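protein_15.tsv, holding TSV, C-alpha atoms and all ligand atoms:
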```
chain	number	residue	atom	x	y	z
L	1	MET	CA	87.07	137.12	54.70
L	2	LYS	CA	90.86	137.14	55.07
L	3	TYR	CA	93.69	138.74	53.05
L	4	VAL	CA	97.42	138.32	52.64
L	5	VAL	CA	99.16	141.49	53.87
L	6	PHE	CA	102.82	142.31	53.24
L	7	ASN	CA	104.90	143.65	56.14
L	8	SER	CA	105.85	146.72	54.09
L	9	GLN	CA	102.17	147.56	53.49
L	10	LEU	CA	101.30	146.99	57.13
L	11	LYS	CA	103.89	149.56	58.24
L	12	GLN	CA	102.04	152.28	56.30
L	13	LEU	CA	99.08	151.87	58.67
L	14	PHE	CA	101.06	152.69	61.78
L	15	ASN	CA	102.67	156.04	61.01
L	16	LYS	CA	100.23	157.91	63.29
L	17	CYS	CA	99.35	157.24	66.92
L	18	LEU	CA	96.43	154.86	67.51
L	19	GLY	CA	96.65	155.18	71.29
L	20	ASP	CA	94.46	158.21	71.78
L	21	ASN	CA	91.61	159.36	69.50
L	22	GLN	CA	92.73	162.95	69.66
L	23	CYS	CA	96.47	162.31	69.35
L	24	ALA	CA	97.56	161.28	65.80
L	25	ALA	CA	101.15	162.22	66.65
L	26	PRO	CA	103.94	160.53	64.66
L	27	VAL	CA	104.88	157.00	65.80
L	28	VAL	CA	108.45	156.77	67.05
L	29	GLU	CA	108.67	153.08	67.92
L	30	LEU	CA	107.09	149.99	66.34
L	31	ASP	CA	107.40	146.34	67.30
L	32	TYR	CA	106.04	143.35	65.37
L	33	ARG	CA	105.52	139.93	66.96
L	34	HIS	CA	103.71	136.92	65.62
L	35	LYS	CA	101.90	134.02	67.24
L	36	GLY	CA	101.35	131.54	64.44
L	37	SER	CA	99.50	133.42	61.72
L	38	LEU	CA	98.57	136.28	64.10
L	39	VAL	CA	100.63	139.48	63.95
L	40	ILE	CA	100.69	141.78	66.97
L	41	VAL	CA	101.88	145.35	66.45
L	42	ASN	CA	102.97	147.45	69.42
L	43	GLY	CA	103.60	151.17	68.85
L	44	THR	CA	104.62	154.23	70.80
L	45	CYS	CA	104.01	157.80	69.66
L	46	LEU	CA	105.93	161.01	70.22
L	47	HIS	CA	103.76	161.72	73.29
L	48	ASN	CA	104.60	158.31	74.73
L	49	HIS	CA	101.15	156.75	74.12
L	50	HIS	CA	101.30	152.97	73.75
L	51	PHE	CA	98.95	151.04	71.49
L	52	GLU	CA	98.52	147.45	70.41
L	53	TRP	CA	96.90	146.13	67.21
L	54	ARG	CA	96.14	142.47	66.34
L	55	SER	CA	95.55	141.11	62.87
L	56	GLN	CA	92.98	138.56	64.13
L	57	PRO	CA	90.12	138.52	66.61
L	58	LEU	CA	90.65	136.35	69.70
L	59	SER	CA	88.41	133.66	71.12
L	60	ASN	CA	89.26	132.52	74.64
L	61	LYS	CA	92.75	134.00	74.19
L	62	MET	CA	93.39	132.04	70.97
L	63	ALA	CA	93.78	133.82	67.63
L	64	ILE	CA	90.82	132.65	65.55
L	65	GLY	CA	92.95	132.64	62.38
L	66	ASN	CA	95.24	129.98	63.84
L	67	LEU	CA	92.28	127.84	64.83
L	68	LEU	CA	90.58	128.21	61.44
L	69	LEU	CA	93.77	127.76	59.42
L	70	ALA	CA	94.60	124.51	61.22
L	71	ALA	CA	90.99	123.44	60.78
L	72	SER	CA	91.04	124.27	57.06
L	73	ILE	CA	94.18	122.17	56.54
L	74	LEU	CA	92.52	119.09	58.06
L	75	TYR	CA	88.97	119.64	56.79
L	76	SER	CA	90.16	120.09	53.20
L	77	GLY	CA	91.89	116.70	53.45
L	78	ASN	CA	95.42	118.14	53.43
L	79	THR	CA	98.31	117.61	55.80
L	80	TYR	CA	100.41	119.97	57.92
L	81	THR	CA	103.45	119.06	55.82
L	82	THR	CA	101.91	120.11	52.49
L	83	ALA	CA	100.53	123.34	53.94
L	84	ALA	CA	103.88	124.09	55.62
L	85	GLU	CA	105.68	123.63	52.32
L	86	ILE	CA	103.48	126.25	50.65
L	87	PHE	CA	103.68	128.73	53.57
L	88	ASP	CA	107.45	128.33	53.96
L	89	THR	CA	108.02	128.95	50.26
L	90	PHE	CA	105.75	132.00	50.39
L	91	LYS	CA	107.36	133.14	53.70
L	92	LEU	CA	103.96	133.34	55.32
L	93	LYS	CA	104.08	133.26	59.12
L	94	PHE	CA	102.18	130.37	60.66
L	95	PHE	CA	102.22	127.90	63.55
L	96	SER	CA	104.54	124.99	64.36
L	97	GLU	CA	103.75	121.33	63.79
L	98	ASN	CA	103.29	120.84	67.55
L	99	ASP	CA	100.77	123.69	67.70
L	100	PHE	CA	98.89	122.20	64.75
L	101	TYR	CA	98.61	118.79	66.42
L	102	TYR	CA	97.57	120.41	69.70
L	103	ILE	CA	94.69	122.21	67.94
L	104	GLN	CA	93.83	119.07	65.98
L	105	ARG	CA	93.69	116.89	69.09
L	106	LYS	CA	91.85	119.34	71.29
L	107	TYR	CA	89.29	120.79	68.88
L	108	LEU	CA	89.31	119.41	65.34
L	109	LEU	CA	89.11	115.65	65.90
L	110	PRO	CA	86.19	115.96	68.36
L	111	VAL	CA	84.31	118.25	65.94
L	112	VAL	CA	84.73	115.82	63.02
L	113	ASN	CA	83.70	112.93	65.22
L	114	SER	CA	80.59	114.57	66.60
L	115	MET	CA	79.46	115.82	63.16
L	116	TRP	CA	79.91	112.31	61.75
L	117	ASN	CA	78.03	110.75	64.68
L	118	SER	CA	75.03	112.99	64.17
L	119	GLN	CA	75.01	112.40	60.39
L	120	GLN	CA	75.32	108.65	60.91
L	121	GLN	CA	72.52	108.62	63.48
L	122	GLN	CA	70.32	110.50	61.05
L	123	LEU	CA	71.09	108.09	58.20
L	124	LEU	CA	70.57	105.03	60.37
L	125	SER	CA	67.25	106.31	61.63
L	126	GLU	CA	66.16	106.82	58.01
L	127	TYR	CA	66.83	103.12	57.35
L	128	GLU	CA	65.54	101.82	60.70
L	129	GLY	CA	62.96	99.10	60.18
L	130	ASN	CA	63.81	98.94	56.47
L	131	THR	CA	63.93	95.27	55.48
L	132	ASP	CA	65.19	95.50	51.93
L	133	LEU	CA	68.61	97.08	52.07
L	134	ILE	CA	71.38	96.27	49.60
L	135	VAL	CA	74.82	97.11	50.99
L	136	ALA	CA	78.13	97.28	49.17
L	137	GLY	CA	81.35	96.76	51.06
L	138	ASP	CA	85.00	97.03	50.21
L	139	GLY	CA	88.04	97.21	52.42
L	140	ARG	CA	91.14	99.29	52.15
L	141	SER	CA	94.32	98.32	53.84
L	142	ASP	CA	97.02	100.89	54.39
L	143	SER	CA	100.74	100.47	54.49
L	144	PRO	CA	101.08	101.70	58.09
L	145	GLY	CA	98.82	98.82	59.04
L	146	HIS	CA	95.39	100.06	59.89
L	147	SER	CA	92.23	100.62	57.92
L	148	ALA	CA	89.39	102.87	59.02
L	149	VAL	CA	88.09	100.89	61.91
L	150	VAL	CA	90.48	97.98	62.36
L	151	LYS	CA	94.16	98.16	63.14
L	152	VAL	CA	96.25	95.33	61.77
L	153	THR	CA	97.67	94.66	65.24
L	154	GLU	CA	94.17	93.80	66.47
L	155	VAL	CA	93.97	90.81	64.14
L	156	ASN	CA	96.34	88.24	62.69
L	157	ASN	CA	97.01	89.77	59.31
L	158	SER	CA	95.68	92.32	56.85
L	159	TYR	CA	93.32	89.77	55.29
L	160	SER	CA	91.62	89.24	58.64
L	161	MET	CA	91.40	93.01	58.93
L	162	GLU	CA	88.95	93.22	56.05
L	163	LYS	CA	86.87	90.47	57.62
L	164	GLU	CA	86.93	92.07	61.08
L	165	GLY	CA	85.94	95.42	59.55
L	166	LEU	CA	82.98	93.82	57.81
L	167	ILE	CA	81.82	92.07	61.01
L	168	ARG	CA	81.92	95.37	62.90
L	169	CYS	CA	79.98	97.16	60.14
L	170	LEU	CA	77.28	94.46	59.91
L	171	ASN	CA	76.93	94.30	63.70
L	172	GLN	CA	76.58	98.06	63.90
L	173	LEU	CA	73.79	97.96	61.31
L	174	GLU	CA	72.08	95.17	63.24
L	175	GLU	CA	72.27	97.15	66.48
L	176	ALA	CA	70.63	100.06	64.67
L	177	HIS	CA	67.79	97.70	63.58
L	178	VAL	CA	68.69	97.97	59.92
L	179	THR	CA	68.14	94.70	58.04
L	180	VAL	CA	70.56	93.94	55.22
L	181	THR	CA	69.22	91.61	52.52
L	182	THR	CA	72.09	91.72	50.05
L	183	LEU	CA	75.79	92.44	50.40
L	184	ALA	CA	78.07	93.05	47.42
L	185	THR	CA	81.82	92.68	47.91
L	186	ASP	CA	84.89	91.69	45.97
L	187	ARG	CA	85.77	88.00	45.54
L	188	HIS	CA	87.55	87.37	48.80
L	189	PRO	CA	87.39	83.68	49.96
L	190	GLN	CA	87.50	84.64	53.67
L	191	ILE	CA	84.54	86.97	53.20
L	192	SER	CA	82.57	84.36	51.23
L	193	LYS	CA	83.12	81.82	54.01
L	194	LEU	CA	82.17	84.30	56.71
L	195	MET	CA	78.94	85.21	54.95
L	196	LYS	CA	78.00	81.55	54.42
L	197	ASP	CA	78.78	80.54	58.02
L	198	GLU	CA	77.71	83.54	60.07
L	199	TYR	CA	75.32	85.64	58.00
L	200	SER	CA	73.39	83.09	55.98
L	201	THR	CA	70.25	85.29	55.89
L	202	ILE	CA	72.14	87.88	53.82
L	203	SER	CA	72.47	87.16	50.11
L	204	HIS	CA	76.15	87.58	49.25
L	205	GLN	CA	76.91	88.82	45.74
L	206	TYR	CA	80.12	89.58	43.94
L	207	ASP	CA	80.57	93.10	42.78
L	208	VAL	CA	80.29	93.41	38.99
L	209	TRP	CA	83.57	95.30	38.58
L	210	HIS	CA	85.63	92.75	40.51
L	211	MET	CA	83.72	89.92	38.83
L	212	SER	CA	84.40	91.22	35.33
L	213	LYS	CA	88.07	91.73	36.23
L	214	SER	CA	88.32	88.18	37.54
L	215	ILE	CA	86.66	86.69	34.44
L	216	LYS	CA	89.03	88.58	32.15
L	217	LYS	CA	92.02	87.46	34.25
L	218	LYS	CA	90.97	83.82	34.04
L	219	LEU	CA	90.38	84.04	30.29
L	220	ALA	CA	93.75	85.73	29.77
L	221	ALA	CA	95.46	82.93	31.73
L	222	ALA	CA	93.64	80.30	29.67
L	223	ALA	CA	94.47	82.06	26.40
L	224	LYS	CA	98.17	81.62	27.17
L	225	ARG	CA	97.80	77.87	26.66
L	226	ARG	CA	98.37	76.89	23.04
L	227	GLU	CA	95.10	74.99	22.63
L	228	CYS	CA	93.13	78.02	23.91
L	229	ALA	CA	95.02	80.75	22.04
L	230	GLU	CA	91.97	81.51	19.92
L	231	LEU	CA	90.31	82.95	23.05
L	232	GLN	CA	92.63	85.99	23.09
L	233	PRO	CA	90.76	88.31	20.69
L	234	TRP	CA	87.46	87.55	22.47
L	235	ILE	CA	88.45	88.46	26.02
L	236	LYS	CA	87.48	92.12	25.78
L	237	SER	CA	84.14	91.33	24.13
L	238	ILE	CA	83.31	88.72	26.75
L	239	GLY	CA	84.07	91.27	29.48
L	240	ASN	CA	81.86	93.81	27.73
L	241	HIS	CA	79.08	91.24	27.35
L	242	PHE	CA	79.23	90.55	31.07
L	243	TRP	CA	78.83	94.26	31.78
L	244	TRP	CA	75.99	94.51	29.31
L	245	CYS	CA	74.17	91.53	30.86
L	246	SER	CA	74.55	93.04	34.34
L	247	ASP	CA	73.36	96.40	33.19
L	248	SER	CA	70.37	95.23	31.16
L	249	CYS	CA	69.06	92.44	33.38
L	250	ASN	CA	67.54	94.89	35.92
L	251	GLY	CA	68.62	92.60	38.73
L	252	ASP	CA	66.85	89.65	37.13
L	253	ALA	CA	68.75	86.51	38.13
L	254	ILE	CA	67.47	84.31	35.29
L	255	GLU	CA	69.07	86.26	32.50
L	256	LEU	CA	72.43	85.94	34.16
L	257	LYS	CA	72.39	82.25	34.93
L	258	CYS	CA	75.21	81.71	32.43
L	259	TRP	CA	77.41	83.53	34.94
L	260	GLU	CA	78.15	81.38	37.94
L	261	ASN	CA	77.75	82.94	41.44
L	262	TYR	CA	76.40	86.12	40.07
L	263	GLN	CA	72.72	86.85	40.33
L	264	VAL	CA	71.82	90.37	41.19
L	265	TYR	CA	73.23	93.42	39.51
L	266	CYS	CA	75.33	94.89	42.28
L	267	HIS	CA	78.29	97.09	41.80
L	268	THR	CA	80.50	98.96	44.16
L	269	GLY	CA	81.21	101.71	41.62
L	270	ASP	CA	80.22	104.39	44.14
L	271	LEU	CA	82.64	102.79	46.57
L	272	GLU	CA	85.45	103.15	44.04
L	273	VAL	CA	84.65	106.88	43.98
L	274	PHE	CA	84.74	106.93	47.78
L	275	HIS	CA	88.12	105.22	47.76
L	276	ASN	CA	89.49	108.03	45.59
L	277	VAL	CA	88.23	110.63	48.08
L	278	LEU	CA	89.77	108.51	50.84
L	279	LEU	CA	93.12	108.42	49.02
L	280	LYS	CA	93.23	112.20	49.12
L	281	ASN	CA	92.25	112.47	52.79
L	282	VAL	CA	94.31	109.54	54.06
L	283	PRO	CA	97.28	109.20	51.66
L	284	LYS	CA	98.71	105.70	51.93
L	285	ARG	CA	102.33	106.87	51.96
L	286	ILE	CA	101.81	108.75	55.25
L	287	ALA	CA	101.50	107.02	58.64
L	288	PHE	CA	98.83	108.84	60.65
L	289	ARG	CA	98.01	108.06	64.26
L	290	TYR	CA	94.86	106.04	64.91
L	291	GLU	CA	92.68	109.06	65.80
L	292	GLY	CA	93.96	110.98	62.78
L	293	THR	CA	93.21	108.08	60.46
L	294	VAL	CA	89.69	107.75	61.85
L	295	ALA	CA	88.98	111.49	61.54
L	296	ARG	CA	90.35	111.63	57.99
L	297	THR	CA	88.25	108.63	57.00
L	298	LEU	CA	85.18	110.29	58.50
L	299	LEU	CA	85.99	113.47	56.53
L	300	ALA	CA	86.13	111.39	53.34
L	301	ALA	CA	82.76	109.88	54.27
L	302	LEU	CA	81.24	113.34	54.88
L	303	ASP	CA	82.61	114.47	51.50
L	304	ASN	CA	81.22	111.36	49.84
L	305	ASN	CA	77.78	111.69	51.44
L	306	THR	CA	77.55	115.35	50.41
L	307	ASN	CA	78.44	114.58	46.80
L	308	VAL	CA	77.05	111.12	46.13
L	309	GLY	CA	74.57	110.96	43.27
L	310	ARG	CA	75.59	114.21	41.63
L	311	LYS	CA	73.79	114.86	38.35
L	312	GLN	CA	75.50	115.09	34.99
L	313	ALA	CA	76.45	118.69	34.22
L	314	THR	CA	74.69	120.49	31.36
L	315	THR	CA	75.67	123.40	29.13
L	316	ILE	CA	73.75	126.70	29.18
L	317	SER	CA	71.61	125.38	26.31
L	318	GLY	CA	70.77	122.30	28.36
L	319	GLU	CA	72.95	119.71	26.59
L	320	LYS	CA	74.63	117.03	28.68
L	321	ARG	CA	78.39	117.48	29.14
L	322	TRP	CA	80.94	114.73	28.36
L	323	LYS	CA	84.71	114.42	28.28
L	324	LEU	CA	87.24	112.13	26.65
L	325	GLN	CA	89.53	110.43	29.11
L	326	TRP	CA	92.52	108.17	28.52
L	327	SER	CA	91.94	104.74	30.03
L	328	LYS	CA	95.10	103.01	31.24
L	329	ALA	CA	93.21	99.70	31.50
L	330	SER	CA	91.94	99.56	27.91
L	331	HIS	CA	94.66	101.73	26.30
L	332	GLN	CA	92.17	103.93	24.53
L	333	PHE	CA	90.16	107.11	25.05
L	334	VAL	CA	86.78	106.53	26.69
L	335	VAL	CA	83.79	108.88	26.96
L	336	LYS	CA	82.97	109.93	30.53
L	337	LYS	CA	80.19	112.01	32.05
L	338	ILE	CA	81.09	115.42	33.47
L	339	ASN	CA	79.24	115.79	36.77
L	340	ASP	CA	78.05	118.96	38.46
L	341	PRO	CA	80.86	120.48	40.56
L	342	LYS	CA	81.35	119.05	44.03
L	343	GLU	CA	79.90	120.87	47.03
L	344	PHE	CA	81.84	121.40	50.22
L	345	THR	CA	79.13	122.75	52.53
L	346	PHE	CA	80.24	120.22	55.15
L	347	ARG	CA	83.57	122.05	55.45
L	348	THR	CA	81.84	125.35	56.27
L	349	ASP	CA	79.64	123.49	58.77
L	350	LEU	CA	82.74	121.96	60.36
L	351	LEU	CA	84.48	125.37	60.61
L	352	ASN	CA	81.39	126.91	62.26
L	353	ALA	CA	81.13	123.97	64.66
L	354	THR	CA	84.82	124.41	65.52
L	355	LEU	CA	84.32	128.12	66.32
L	356	ASP	CA	81.25	127.28	68.43
L	357	MET	CA	83.06	124.59	70.36
L	358	HIS	CA	86.07	126.81	71.00
L	359	LYS	CA	83.93	129.78	72.06
L	360	SER	CA	81.82	127.75	74.45
L	361	GLY	CA	84.84	125.76	75.68
L	362	SER	CA	82.61	122.67	75.38
L	363	GLU	CA	85.22	120.22	74.16
L	364	THR	CA	84.38	117.05	76.07
L	365	GLU	CA	85.51	113.48	76.41
L	366	GLN	CA	82.27	112.37	74.79
L	367	SER	CA	83.12	113.79	71.39
L	368	ALA	CA	86.66	112.38	71.41
L	369	ILE	CA	87.46	109.51	69.08
L	370	LYS	CA	87.48	106.24	71.02
L	371	ILE	CA	90.54	104.04	70.47
L	372	PRO	CA	89.83	100.31	70.76
L	373	VAL	CA	91.80	98.81	73.68
L	374	LEU	CA	93.57	96.32	71.41
L	375	ALA	CA	94.68	99.02	68.99
L	376	ARG	CA	95.94	101.17	71.84
L	377	ASN	CA	97.93	98.38	73.47
L	378	SER	CA	99.68	97.09	70.40
L	379	THR	CA	101.23	99.60	68.07
L	380	GLY	CA	103.07	96.83	66.24
L	381	ARG	CA	106.23	98.92	66.36
L	382	GLY	CA	107.46	98.31	69.87
L	383	GLU	CA	108.17	100.96	72.45
L	384	LYS	CA	109.81	104.17	71.15
L	385	PRO	CA	113.23	104.58	72.84
L	386	PHE	CA	114.56	107.88	74.16
L	387	LYS	CA	116.33	109.70	71.33
L	388	THR	CA	119.50	110.45	73.28
L	389	GLU	CA	119.84	106.78	74.29
L	390	ALA	CA	119.31	105.66	70.71
L	391	ILE	CA	121.99	108.08	69.47
L	392	GLU	CA	124.42	106.91	72.15
L	393	GLY	CA	123.72	103.30	71.13
L	394	LEU	CA	124.41	104.09	67.48
L	395	ILE	CA	127.65	105.93	68.27
L	396	SER	CA	128.92	103.05	70.45
L	397	ARG	CA	128.06	100.51	67.73
L	398	LEU	CA	129.87	102.62	65.12
L	399	GLY	CA	132.88	102.85	67.48
L	400	LYS	CA	133.04	99.05	67.76
L	401	ASN	CA	133.07	98.66	63.99
L	402	GLU	CA	136.04	100.97	63.50
F	501	ZN	ZN	99.75	159.49	70.86
```
Show the structure stored in the file as structure tokens.
Ligand SMILES: [Zn+2]
Amino acid sequence: MKYVVFNSQLKQLFNKCLGDNQCAAPVVELDYRHKGSLVIVNGTCLHNHHFEWRSQPLSNKMAIGNLLLAASILYSGNTYTTAAEIFDTFKLKFFSENDFYYIQRKYLLPVVNSMWNSQQQQLLSEYEGNTDLIVAGDGRSDSPGHSAVVKVTEVNNSYSMEKEGLIRCLNQLEEAHVTVTTLATDRHPQISKLMKDEYSTISHQYDVWHMSKSIKKKLAAAAKRRECAELQPWIKSIGNHFWWCSDSCNGDAIELKCWENYQVYCHTGDLEVFHNVLLKNVPKRIAFRYEGTVARTLLAALDNNTNVGRKQATTISGEKRWKLQWSKASHQFVVKKINDPKEFTFRTDLLNATLDMHKSGSETEQSAIKIPVLARNSTGRGEKPFKTEAIEGLISRLGKNE
């Protein structure tokens, strides 16, 4: 447990000597220093006893509060900048951005990586030898140019990135002896071609959400033509009917034969939830380094795996809980389930693992996040110049323009 302590309150604790059990003489000199969130108090009493008090325990000379605070910022999916904004406003003493990234690189990233590796190994071993696995896949491209596993500079463009990501995922599953029978994705032509050419044993299905969106888009385009204007009022109902068919066919292909290319009820709804968790952990407006992006994506995956399949919440009397939510897509209120609250046990596990690693000094190369050679070599930005040279260049250019 930790508390916020005001400087004025802290002073009250040091009015008597702490240097000698028998002393208790008045303190004549006090000095406060801080190292990040750690405060160190040095005092001297009337009898010239010196004492030192620290607000945090140390582990291998590092204040544990600094380690855990940095860890909590990352593990809760936040950034140094947001945390710093709160602490600065509150005038709470804490560490610099450089110190944060030092702790992140040395301890936090390896911990996240090794916890993910062990969870992934466990999951893969559960599915090893399974021959009837349905997998849903969806890519996310980020403005800085890399998604979870593939950096845009490794491939030609961001469309190829989604394809390359999928190949890596499918190959990894194959290496783990997990057989995929069905893959559901969005309607991406490159992906469809890849699946037909390279993975013909896997049945490729379009995800119901993307499919329904695409049908409605096509109908809306058609309804704009004068001879098809009568379609307009039916678009929503047709979309709903598609959903209903998907939902009630129990994966039976025959009932859905009126819908081209769509046979098995597959939907990446859970993936949409994951993408929301991902958005919080890896905000698109921020450019993270490769290792940071990987770790934050893994954190989102740990969060997702802890909370996937939550049950609908119930009241004390056992009734199911619902809420009304405004839908931007349909411009009306829709009824949504309220789920049981999320659990964050993985964050506590990560914090404990961080303490263990720091205590034992066992941070190793093995648990570090591996950067693919291609991603390391090509940042896509060009070499960063020395700041002083860049400033000199700017000043000389400005001078020429005058
Ligand atoms: Zn004393």
Item to check | Atom pair atom CA of Trp234 of chain L / atom CA of Leu219 of chain L: separation (Å) | outcome: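 Those two atoms sit 9.1 Å apart.
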Checklist entry - Near Asn307 of chain L, counting only C-alpha atoms, which residues have an atom at most 9 Å away, once you skip same-chain residues fewer than 2 positions from it, shown as a PyMOL selection string? => result chain L and resi 302-305+309-310+341-344
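Nearest residue to Thr354 of chain L among L:Ser203, L:Ser317, L:Thr297, L:Asn113 is L:Asn113, counting only C-alpha atoms.
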Item to check | Close residues, Ile103 of chain L itself excluded, 9 Å, only C-alpha atoms, min 3 positions apart in chain, as an NGL selection string | outcome: :L and (66-67 or 70-71 or 98-100 or 106-109)
Closest-contact table, chain L side, partner ligand ZN 501 (chain F), 6 Å, counting only C-alpha atoms and all ligand atoms, as a Markdown table:
```
| residue | atom | partner | partner_atom | distance |
| --- | --- | --- | --- | --- |
| L:Cys17 | CA | F:ZN501 | ZN | 4.6 |
| L:Gly19 | CA | F:ZN501 | ZN | 5.3 |
| L:Asp20 | CA | F:ZN501 | ZN | 5.5 |
| L:Cys23 | CA | F:ZN501 | ZN | 4.6 |
| L:Ala24 | CA | F:ZN501 | ZN | 5.8 |
| L:Ala25 | CA | F:ZN501 | ZN | 5.2 |
| L:Cys45 | CA | F:ZN501 | ZN | 4.7 |
| L:His47 | CA | F:ZN501 | ZN | 5.2 |
| L:His49 | CA | F:ZN501 | ZN | 4.5 |
```
Checklist entry - Hey, can you check how far atom CA of Lys284 of chain L sits from atom CA of Thr82 of chain L? => result 14.8 Å
Checklist entry - If I put a ball of radius 12 Å at (103.6, 137.1, 67.7) in the file's coordinates, which residues poke into it when counting only C-alpha atoms, written as a list in words? => result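 The residues near that point, listed by chain and number, are Asp31, Tyr32, Arg33, His34, Lys35, Gly36, Ser37, Leu38, Val39, Ile40, Val41, Asn42, Glu52, Trp53, Arg54, Ser55, Gln56, Met62, Ala63, Asn66, Lys93, Phe94 and Phe95 of chain L.
Nearest to Leu13 of chain L of all the residues L:Leu133, L:Leu68, L:Val27, L:Ile73 is L:Val27, counting only C-alpha atoms.
Between Thr306 of chain L and the residues L:Leu355, L:Leu166, L:Val277, L:Ile86, the shortest atom-to-atom distance, using all atoms listed in the file, involves L:Val277.
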Checklist entry - When you draw a straight line from atom CA of Thr185 of chain L to atom CA of Tyr127 of chain L, how long is it in Å? => result 20.6 Å
Item to check | Among listed residues L:Phe14, L:Tyr290, L:Phe51, L:Phe6, nearest Lys370 of chain L (using all atoms listed in the file) | outcome: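 Nearest to Lys370 of chain L: L:Tyr290.
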Checklist entry - Taking into account all atoms listed in the file, which residue in the set L:Val111, L:Ala223, L:Met1, L:Leu58 is nearest to Ala295 of chain L? => result L:Val111
Item to check | Residues near His204 of chain L, cut-off 7 Å, only C-alpha atoms, skip fewer than 5 positions along chain, as JSON, numbers by chain | outcome: {"L": [182, 183, 184, 195]}
Please, can segment 230-243 of chain L be completed to N, CA and C atoms and returned as a PDB file, in the frame of the given file?
```pdb
ATOM      1  N   GLU L 230      93.017  80.831  20.695  1.00  0.00           N
ATOM      2  CA  GLU L 230      91.970  81.510  19.920  1.00  0.00           C
ATOM      3  C   GLU L 230      91.055  82.372  20.801  1.00  0.00           C
ATOM      4  N   LEU L 231      91.128  82.165  22.107  1.00  0.00           N
ATOM      5  CA  LEU L 231      90.310  82.950  23.050  1.00  0.00           C
ATOM      6  C   LEU L 231      90.714  84.424  23.061  1.00  0.00           C
ATOM      7  N   GLN L 232      92.033  84.666  22.894  1.00  0.00           N
ATOM      8  CA  GLN L 232      92.630  85.990  23.090  1.00  0.00           C
ATOM      9  C   GLN L 232      91.810  87.158  22.520  1.00  0.00           C
ATOM     10  N   PRO L 233      91.477  87.142  21.221  1.00  0.00           N
ATOM     11  CA  PRO L 233      90.760  88.310  20.690  1.00  0.00           C
ATOM     12  C   PRO L 233      89.353  88.490  21.268  1.00  0.00           C
ATOM     13  N   TRP L 234      88.834  87.483  21.955  1.00  0.00           N
ATOM     14  CA  TRP L 234      87.460  87.550  22.470  1.00  0.00           C
ATOM     15  C   TRP L 234      87.356  88.063  23.888  1.00  0.00           C
ATOM     16  N   ILE L 235      88.498  88.146  24.582  1.00  0.00           N
ATOM     17  CA  ILE L 235      88.450  88.460  26.020  1.00  0.00           C
ATOM     18  C   ILE L 235      87.726  89.775  26.302  1.00  0.00           C
ATOM     19  N   LYS L 236      88.081  90.811  25.535  1.00  0.00           N
ATOM     20  CA  LYS L 236      87.480  92.120  25.780  1.00  0.00           C
ATOM     21  C   LYS L 236      85.963  92.095  25.545  1.00  0.00           C
ATOM     22  N   SER L 237      85.566  91.399  24.452  1.00  0.00           N
ATOM     23  CA  SER L 237      84.140  91.330  24.130  1.00  0.00           C
ATOM     24  C   SER L 237      83.358  90.571  25.188  1.00  0.00           C
ATOM     25  N   ILE L 238      83.983  89.508  25.712  1.00  0.00           N
ATOM     26  CA  ILE L 238      83.310  88.720  26.750  1.00  0.00           C
ATOM     27  C   ILE L 238      83.109  89.591  28.003  1.00  0.00           C
ATOM     28  N   GLY L 239      84.162  90.346  28.351  1.00  0.00           N
ATOM     29  CA  GLY L 239      84.070  91.270  29.480  1.00  0.00           C
ATOM     30  C   GLY L 239      82.947  92.284  29.261  1.00  0.00           C
ATOM     31  N   ASN L 240      82.902  92.837  28.057  1.00  0.00           N
ATOM     32  CA  ASN L 240      81.860  93.810  27.730  1.00  0.00           C
ATOM     33  C   ASN L 240      80.471  93.182  27.804  1.00  0.00           C
ATOM     34  N   HIS L 241      80.361  91.926  27.334  1.00  0.00           N
ATOM     35  CA  HIS L 241      79.080  91.240  27.350  1.00  0.00           C
ATOM     36  C   HIS L 241      78.604  91.044  28.785  1.00  0.00           C
ATOM     37  N   PHE L 242      79.561  90.730  29.662  1.00  0.00           N
ATOM     38  CA  PHE L 242      79.230  90.550  31.070  1.00  0.00           C
ATOM     39  C   PHE L 242      78.649  91.848  31.648  1.00  0.00           C
ATOM     40  N   TRP L 243      79.318  92.950  31.333  1.00  0.00           N
ATOM     41  CA  TRP L 243      78.830  94.260  31.780  1.00  0.00           C
ATOM     42  C   TRP L 243      77.441  94.534  31.251  1.00  0.00           C
TER      43      TRP L 243
END
```
